Amino acid sequence: MHDTTTELLIELGAIILGLGILGRLAGRIGFSPIPLYLLAGLAFGKGGFLPLNASEEFVATGAEIGVILLLLLLGLEYSASELVTNLKKQYPSGIVDFVLNALPGFVCALILGWGLVAAVALAGVTWISSSGVIAKVLGDLGRLGNRETPVILGVLVIEDLAMAIYLPILTALLAGLSLGGASLTLVISLGTVGLVLYLALRHGRLISRAVSSDNPEMLLLVVLGLTVLVAGVAAELQVSAAVGAFLVGIALSGEVAEGAHNLLAPLRDLFAAVFFVFFGLSTNPADIPPVFLTALLLAVVTVLTKIATGWYAARRAGVQRAGRWRAGGTLVARGEFSIVIAGLAVGTAPEIGPLATAYVLILVILGPLTARWTEPLARRFLYREDAAKDRPVPAEPPGARAVDNPGSTAPAN
């Protein structure tokens, strides 16, 4: 027993220290640490050069907490009124985003013969952009005041809202529920989302007051305990623990949301990093080379479809051509939510794991590059318009979301 505990402590200490070093390295080179965390998981998982054994169960539990905290802090960044306003303004762009970017993943899985459930999961992987990576890129490139930035954030908000519908559907399919069971799950999910938005709009102050505390320790315990409890109940109802956590975040507002965010952000960063490592641990590196070409082709297609999405959304908002290209290039990165979706699916459709890992690794690296270079390349080869007219408006756009990306402090998905 003592030897097992000692081995567990050594492995956990090595994992956390290694994550810290990788995060600092990523910060030095100006990239998201997500690909480094995934590579670390591949190196130390089954099939890697130094598999971890004692800490596997603990890391799995930490990964579940990581997903819950990612969605909770994302929800804390929104007020219910902001969500409703964005939904009214941006829903046409959200529909275009879904059609252009979910369809390639769906069709790819069917062509590969993986079946309907895997197709729905892979559609989500290719659909959802990385809020963490995109937020960091916007901050690094000094574009928070650009005219296209509210458009980018609006598309990302729609994606997050859509997750509250998509994840329960995927969870029901993965659980093998019948059409009636899946329909019931969706009705419960939509009803829950509607109820939470209604309560947040009408009684948000009362909810926040009930949770509020001047003692940081009490606030941390109440918010974290409530979130984990709601996430667990949501999972029991087949609604998805992640959506439950997201809804708790939306229900809180004002100083309570800000205080909870500040207290929970370090925990989010730690456990989210553990989640990415765990996903890598669950993927055998030997399974990636056979699917790498498929992942690369899928990445090329969805780079183009995301650029088209951003271009369309910015055009609807009256942004000039330069800003349209910048919006499209910025939306390319995939990351945390693609991995969350794939992580949910690997138990039922294990073939998704290697493909999703390779796909995210490609696009989390390409994303910052397309954000920087799409507009200059388009201007050089497609038009000669002066880009200055799109640049900055003085105020930071409303609804900017905090970074979901572990180890990053950039503002703004």
# chains A, B, ... in the order shown; residues from 1 in each chain; ligands from 1
$ closest_atom_pairs --of "region 197-301 of chain A" --to "region 361-382 of chain A" --cutoff "10 Å" --atoms "only C-alpha atoms" --output "JSON lines"
{"residue": "A:Phe292", "atom": "CA", "partner": "A:Ile362", "partner_atom": "CA", "distance": 9.6}
{"residue": "A:Ala295", "atom": "CA", "partner": "A:Ile362", "partner_atom": "CA", "distance": 8.1}
{"residue": "A:Leu296", "atom": "CA", "partner": "A:Ile362", "partner_atom": "CA", "distance": 7.2}
{"residue": "A:Ala299", "atom": "CA", "partner": "A:Leu363", "partner_atom": "CA", "distance": 6.6}
{"residue": "A:Val300", "atom": "CA", "partner": "A:Leu363", "partner_atom": "CA", "distance": 9.0}
$ closest_atom_pairs --of "region 47-153 of chain A" --to "region 272-283 of chain A" --cutoff "7 Å" --atoms "only C-alpha atoms" --output "tab-separated table"
residue	atom	partner	partner_atom	distance
A:Val59	CA	A:Phe278	CA	6.4
A:Ala60	CA	A:Phe278	CA	6.4
A:Gly62	CA	A:Val274	CA	6.3
A:Ala63	CA	A:Phe275	CA	3.8
A:Gly66	CA	A:Ala272	CA	4.2
A:Val67	CA	A:Ala272	CA	6.5
A:Leu70	CA	A:Ala272	CA	6.7
$ atom_distance --atom1 "CA of Gly142 (chain A)" --atom2 "CA of Val332 (chain A)"
17.7 Å
$ closest_residue --among "A:Val193, A:Ala251, A:Ala265, A:Ala358" --to "Val291 (chain A)" --atoms "only C-alpha atoms"
A:Ala358
$ closest_residue --among "A:Gly30, A:Gly310, A:Gly124, A:Gly244" --to "Arg324 (chain A)" --atoms "only C-alpha atoms"
A:Gly310
$ select_by_dssp --residues "region 173-291 of chain A" --states "alpha helix (DSSP H)" --output "ChimeraX atom specification"
/A:173-174,179-211,216-236,241-251,254-281,289-291
$ residues_around --residues "Gly347 (chain A)" --least-positions-apart "3" --cutoff "12 Å" --atoms "only C-alpha atoms" --output "ChimeraX atom specification"
/A:117-118,121,171,174-175,279,282-283,341-344,350-353
$ residues_around --residues "Leu161 (chain A)" --least-positions-apart "4" --cutoff "10 Å" --atoms "only C-alpha atoms" --output "short mmCIF file (atom, residue, chain, number, x, y, z; two decimals) with N, CA and C atoms, in the first residue's frame"
data_model
loop_
_atom_site.label_atom_id
_atom_site.label_comp_id
_atom_site.auth_asym_id
_atom_site.auth_seq_id
_atom_site.Cartn_x
_atom_site.Cartn_y
_atom_site.Cartn_z
N GLY A 75 -19.13 29.72 -18.85
CA GLY A 75 -20.45 30.25 -18.51
C GLY A 75 -20.38 31.52 -17.66
N LEU A 83 -26.14 36.54 -23.89
CA LEU A 83 -26.37 35.35 -24.70
C LEU A 83 -27.58 35.51 -25.61
N VAL A 84 -28.67 36.03 -25.05
CA VAL A 84 -29.89 36.20 -25.84
C VAL A 84 -29.66 37.21 -26.96
N ASN A 86 -26.79 38.07 -28.44
CA ASN A 86 -25.92 37.48 -29.46
C ASN A 86 -26.67 36.48 -30.31
N LEU A 87 -27.56 35.72 -29.68
CA LEU A 87 -28.32 34.71 -30.41
C LEU A 87 -29.20 35.39 -31.47
N LEU A 156 -18.52 32.58 -31.84
CA LEU A 156 -18.09 31.67 -30.78
C LEU A 156 -19.16 31.51 -29.71
N VAL A 157 -19.88 32.59 -29.41
CA VAL A 157 -20.98 32.50 -28.45
C VAL A 157 -22.06 31.55 -28.95
N ILE A 165 -27.17 22.06 -26.72
CA ILE A 165 -28.10 21.18 -27.43
C ILE A 165 -27.36 19.98 -28.00
N TYR A 166 -26.18 20.23 -28.56
CA TYR A 166 -25.43 19.17 -29.23
C TYR A 166 -24.95 18.09 -28.25
N VAL A 193 -32.10 24.36 -20.26
CA VAL A 193 -31.45 25.57 -20.75
C VAL A 193 -32.40 26.76 -20.70
N VAL A 243 -22.59 20.50 -19.88
CA VAL A 243 -23.67 21.48 -20.06
C VAL A 243 -24.19 21.95 -18.70
N PHE A 246 -21.85 24.53 -17.47
CA PHE A 246 -22.00 25.75 -18.26
C PHE A 246 -23.21 26.55 -17.77
N LEU A 247 -24.31 25.87 -17.48
CA LEU A 247 -25.53 26.54 -17.04
C LEU A 247 -25.36 27.16 -15.66
#
$ atom_distance --atom1 "CA of Ile68 (chain A)" --atom2 "CA of Thr149 (chain A)"
27.0 Å
$ closest_residue --among "A:Leu74, A:Ser212, A:Ala109, A:Glu57" --to "Ser130 (chain A)" --atoms "only C-alpha atoms"
A:Leu74
$ atom_distance --atom1 "CA of Ser338 (chain A)" --atom2 "CA of Asp97 (chain A)"
15.0 Å
$ closest_residue --among "A:Ile128, A:Leu39, A:Cys108, A:Val133" --to "Thr294 (chain A)" --atoms "only C-alpha atoms"
A:Cys108
$ closest_residue --among "A:Ile65, A:Val340, A:Pro290, A:Leu112" --to "Ala231 (chain A)" --atoms "only C-alpha atoms"
A:Ile65
